[in-house]
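Content type compact mmCIF, C-alpha atoms and all ligand atoms, from the file target15.txt:
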# COMPACT_ATOMS: atom_id res chain seq x y z
CA MET A 45 81.12 30.25 1.70
CA ASN A 46 80.69 26.96 3.54
CA LEU A 47 77.48 25.14 2.85
CA GLU A 48 76.29 21.57 2.86
CA LEU A 49 74.34 19.91 0.09
CA ASN A 50 72.49 16.64 0.33
CA VAL A 51 73.28 14.87 -2.92
CA ASN A 52 72.03 11.38 -3.67
CA GLY A 53 71.35 10.81 0.01
CA GLU A 54 74.83 11.87 1.18
CA PRO A 55 75.83 15.06 2.99
CA ARG A 56 78.35 16.96 0.84
CA PRO A 57 80.07 19.85 2.62
CA LEU A 58 81.47 22.45 0.22
CA ASP A 59 83.33 25.74 0.27
CA VAL A 60 81.90 27.48 -2.80
CA ASP A 61 80.57 30.74 -4.19
CA PRO A 62 76.82 30.40 -3.47
CA TRP A 63 76.05 32.01 -6.85
CA ARG A 64 77.74 29.26 -8.85
CA ARG A 65 75.31 27.12 -10.82
CA LEU A 66 74.27 23.84 -9.22
CA LEU A 67 75.14 22.13 -12.52
CA ASP A 68 78.75 23.34 -12.32
CA VAL A 69 79.17 22.39 -8.67
CA LEU A 70 77.80 18.91 -9.34
CA ARG A 71 80.09 18.38 -12.32
CA GLU A 72 83.25 20.23 -11.30
CA ASP A 73 83.34 20.02 -7.50
CA LEU A 74 81.56 16.72 -6.87
CA GLY A 75 82.62 14.85 -10.02
CA LEU A 76 79.02 14.02 -10.92
CA THR A 77 79.35 14.53 -14.65
CA GLY A 78 76.19 12.65 -15.62
CA SER A 79 74.17 15.86 -15.73
CA LYS A 80 74.90 17.60 -19.03
CA GLU A 81 74.87 21.17 -20.24
CA GLY A 82 72.91 21.70 -23.43
CA CYS A 83 71.58 25.24 -23.66
CA GLY A 84 72.58 26.64 -20.28
CA GLU A 85 69.39 28.71 -20.41
CA GLY A 86 66.69 26.51 -18.92
CA GLU A 87 65.31 25.37 -22.26
CA CYS A 88 66.60 21.86 -22.97
CA GLY A 89 66.49 19.83 -19.75
CA ALA A 90 69.86 18.11 -20.33
CA CYS A 91 70.88 19.31 -16.85
CA SER A 92 67.75 17.95 -15.11
CA VAL A 93 68.09 16.76 -11.53
CA LEU A 94 65.47 16.14 -8.87
CA LEU A 95 65.23 18.75 -6.11
CA ASP A 96 63.14 17.55 -3.19
CA GLY A 97 61.75 14.98 -5.61
CA GLU A 98 60.77 17.37 -8.42
CA PRO A 99 62.60 17.87 -11.74
CA VAL A 100 64.52 21.14 -12.05
CA ASN A 101 67.07 22.60 -14.45
CA SER A 102 70.33 22.64 -12.52
CA CYS A 103 71.80 25.22 -14.94
CA LEU A 104 69.39 27.83 -13.54
CA LEU A 105 69.89 27.24 -9.84
CA PRO A 106 72.52 28.97 -7.72
CA VAL A 107 73.99 26.34 -5.44
CA GLY A 108 73.28 28.51 -2.42
CA ALA A 109 69.56 28.13 -3.11
CA VAL A 110 69.61 24.37 -2.63
CA GLU A 111 71.39 24.17 0.71
CA GLY A 112 69.60 21.73 2.98
CA ARG A 113 67.45 20.39 0.17
CA ALA A 114 67.67 16.94 -1.39
CA VAL A 115 69.37 16.79 -4.79
CA ARG A 116 69.16 13.56 -6.78
CA THR A 117 71.21 13.17 -9.93
CA VAL A 118 71.26 10.61 -12.71
CA GLU A 119 74.12 8.84 -10.93
CA ASP A 120 71.63 7.73 -8.26
CA LEU A 121 69.22 5.98 -10.63
CA ALA A 122 71.08 2.74 -11.29
CA SER A 123 71.98 0.28 -8.55
CA ALA A 124 75.42 -1.32 -8.35
CA ASP A 125 74.40 -4.19 -10.61
CA ALA A 126 71.47 -2.94 -12.68
CA LEU A 127 70.29 0.08 -14.59
CA HIS A 128 67.10 1.80 -13.47
CA PRO A 129 64.19 0.22 -15.40
CA VAL A 130 63.76 3.36 -17.49
CA GLN A 131 67.48 3.46 -18.33
CA ARG A 132 67.26 -0.22 -19.36
CA ALA A 133 64.25 0.55 -21.55
CA LEU A 134 65.98 3.55 -23.18
CA VAL A 135 68.89 1.29 -24.10
CA ASP A 136 66.82 -1.69 -25.20
CA LEU A 137 64.39 0.36 -27.32
CA ALA A 138 67.01 2.68 -28.82
CA GLY A 139 65.62 5.73 -27.07
CA THR A 140 69.08 7.25 -27.00
CA GLN A 141 71.40 8.27 -29.81
CA CYS A 142 74.08 10.91 -29.19
CA GLY A 143 73.20 10.73 -25.49
CA ILE A 144 73.44 14.38 -24.50
CA CYS A 145 69.77 14.56 -23.56
CA THR A 146 69.63 11.06 -22.10
CA PRO A 147 70.63 11.72 -18.46
CA GLY A 148 68.04 14.46 -18.16
CA ILE A 149 65.39 12.34 -19.82
CA ALA A 150 66.24 9.43 -17.53
CA VAL A 151 65.88 11.65 -14.45
CA THR A 152 62.53 13.02 -15.60
CA ALA A 153 61.32 9.59 -16.69
CA ALA A 154 62.26 8.06 -13.33
CA TRP A 155 60.20 10.84 -11.72
CA ILE A 156 57.29 9.98 -14.02
CA LEU A 157 57.48 6.32 -12.97
CA GLU A 158 57.39 7.33 -9.32
CA THR A 159 54.78 10.08 -9.43
CA HIS A 160 52.57 9.29 -12.44
CA PRO A 161 52.45 5.47 -12.59
CA GLU A 162 49.19 5.50 -14.55
CA ALA A 163 50.35 8.02 -17.16
CA ASP A 164 49.31 7.34 -20.73
CA ARG A 165 51.30 8.17 -23.84
CA ALA A 166 49.92 11.71 -24.17
CA GLN A 167 50.65 12.45 -20.52
CA VAL A 168 54.19 11.11 -20.85
CA ARG A 169 54.76 13.45 -23.78
CA THR A 170 53.50 16.39 -21.74
CA LEU A 171 55.57 15.45 -18.68
CA LEU A 172 58.69 15.12 -20.85
CA ALA A 173 58.07 18.42 -22.64
CA GLY A 174 60.92 20.12 -20.77
CA ASN A 175 63.46 17.63 -22.07
CA LEU A 176 64.46 18.31 -25.66
CA CYS A 177 66.15 15.78 -27.94
CA ARG A 178 67.68 16.66 -31.28
CA CYS A 179 68.22 13.04 -32.37
CA THR A 180 65.47 10.56 -31.66
CA GLY A 181 62.29 12.29 -32.80
CA TYR A 182 60.87 11.38 -29.36
CA GLN A 183 58.94 8.31 -30.50
CA LEU A 184 61.53 5.87 -29.17
CA VAL A 185 61.95 7.87 -25.95
CA VAL A 186 58.21 7.73 -25.30
CA ASP A 187 58.16 4.04 -26.27
CA ALA A 188 60.83 3.39 -23.65
CA VAL A 189 59.06 5.32 -20.89
CA MET A 190 55.78 3.58 -21.70
CA ALA A 191 57.49 0.17 -21.63
CA ALA A 192 58.98 0.94 -18.20
CA LEU A 193 55.61 2.18 -16.93
CA GLU A 194 53.77 -0.87 -18.22
CA ALA A 195 56.38 -3.22 -16.72
CA GLN A 196 55.77 -1.80 -13.25
CA ARG A 197 51.95 -1.97 -13.43
S1 LIG A 201 71.42 23.07 -19.91
FE1 LIG A 201 69.94 23.43 -18.40
S2 LIG A 201 68.06 23.54 -19.44
FE2 LIG A 201 69.54 23.32 -21.02
S1 LIG A 202 69.91 11.48 -28.18
FE1 LIG A 202 70.95 13.20 -29.02
S2 LIG A 202 69.91 14.91 -28.21
FE2 LIG A 202 68.75 13.22 -27.58
As a first step, turn the structure in this file into structure tokens.
Amino acid sequence: MNLELNVNGEPRPLDVDPWRRLLDVLREDLGLTGSKEGCGEGECGACSVLLDGEPVNSCLLPVGAVEGRAVRTVEDLASADALHPVQRALVDLAGTQCGICTPGIAVTAAWILETHPEADRAQVRTLLAGNLCRCTGYQLVVDAVMAALEAQR
């Protein structure tokens, strides 16, 4: 089936089975391998992307359901010469270890910076609840998001 996605601000025409997972189409057809598969069941958030500006699990979405909607992936966070502030903070404050969860956390954290600029630590924890991490214990992730939030205030 021919359909057109809008990914990271670009029209991306595709000829795909509309029931394939958005995660697979992003990674396999469009070469956007930043989004990761953890659980494949909507539990871990490693596959998080923004859909019309809101975080979603791309492992749960058939690609046909996102036609005409805006998909933003982790590849769109950094500019050509600089990481997104929350990516920079995750690196600087050691909020990433094995890295499997990191793209999804970065996507959700960038959304937090945009939509909840006054969030406190407890709110950041709640907003990140859909992004699981087996390595960091979350303290350093939350430290990084708080540092990015405070830097933009
Ligand atoms: S891989 Fe999508 S939520 Fe875990
Ligand atoms: S850094 Fe390994 S799962 Fe989060």
Write as a compact mmCIF listing (two decimals) with C-alpha atoms, in the coordinates of the input the residues around ligand LIG 202 (chain A), taking 7 Å as the cut-off and counting only C-alpha atoms and all ligand atoms.
# COMPACT_ATOMS: atom_id res chain seq x y z
CA THR A 140 69.08 7.25 -27.00
CA GLN A 141 71.40 8.27 -29.81
CA CYS A 142 74.08 10.91 -29.19
CA GLY A 143 73.20 10.73 -25.49
CA ILE A 144 73.44 14.38 -24.50
CA CYS A 145 69.77 14.56 -23.56
CA THR A 146 69.63 11.06 -22.10
CA LEU A 176 64.46 18.31 -25.66
CA CYS A 177 66.15 15.78 -27.94
CA ARG A 178 67.68 16.66 -31.28
CA CYS A 179 68.22 13.04 -32.37
CA THR A 180 65.47 10.56 -31.66
Pairwise distance for CA of Leu76 in chain A and CA of Ala195 in chain A, rounded to one decimal in Å: 29.0 Å
Identify the residues within 10 Å of coordinate (48.4, 4.0, -16.1) (same frame as the file), considering all atoms listed in the file, and give the answer as a PyMOL selection string. chain A and resi 157+160-165+167+190+193-194+196-197
Best match for closeness to ligand LIG 201 (chain A) among A:Val185, A:Leu121, A:Ala138, A:Cys91, counting only C-alpha atoms and all ligand atoms: A:Cys91
Coordinates-based distance that separates CA of Ser92 in chain A from CA of Leu172 in chain A (Å, one decimal): 11.1 Å
So which one's closest to Glu48 in chain A, A:Ala192, A:Leu171, A:Leu67, A:Val110? Using only C-alpha atoms, please. A:Val110
Exercise answer, 9 Å around ligand LIG 201 (chain A) with only C-alpha atoms and all ligand atoms, as a list in words: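 My answer, listing the contacting residues, is Leu67, Ser79, Lys80, Glu81, Gly82, Cys83, Gly84, Glu85, Gly86, Glu87, Cys88, Gly89, Ala90, Cys91, Ser92, Val100, Asn101, Ser102, Cys103, Leu104, Gly174, Asn175 and Leu176 of chain A.
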Would you work out the distance separating CA of Gly139 in chain A from CA of Gly97 in chain A, expressed in Å to one decimal? 23.7 Å
Polymer residues at most 6 Å from Arg65 in chain A, all atoms listed in the file, same-chain spacing of 5 or more positions, as a list in words: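 So, after excluding close chain neighbours, the residues are Cys103, Leu105, Pro106 and Val107 of chain A.
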Include C-alpha atoms and write out the residues we just selected as a PDB file, in the coordinates of the input.
ATOM      1  CA  CYS A 103      71.800  25.220 -14.940  1.00  0.00           C
ATOM      2  CA  LEU A 105      69.890  27.240  -9.840  1.00  0.00           C
ATOM      3  CA  PRO A 106      72.520  28.970  -7.720  1.00  0.00           C
ATOM      4  CA  VAL A 107      73.990  26.340  -5.440  1.00  0.00           C
TER       5      VAL A 107
END
Can you tell me, as a compact mmCIF listing (two decimals) with C-alpha atoms, keeping the file's coordinate frame, what residues are no more than 9 Å from range 125-128 of chain A when counting only C-alpha atoms, ignoring any on the same chain fewer than 5 positions away?
# COMPACT_ATOMS: atom_id res chain seq x y z
CA ALA A 133 64.25 0.55 -21.55
CA ALA A 150 66.24 9.43 -17.53
CA ALA A 154 62.26 8.06 -13.33
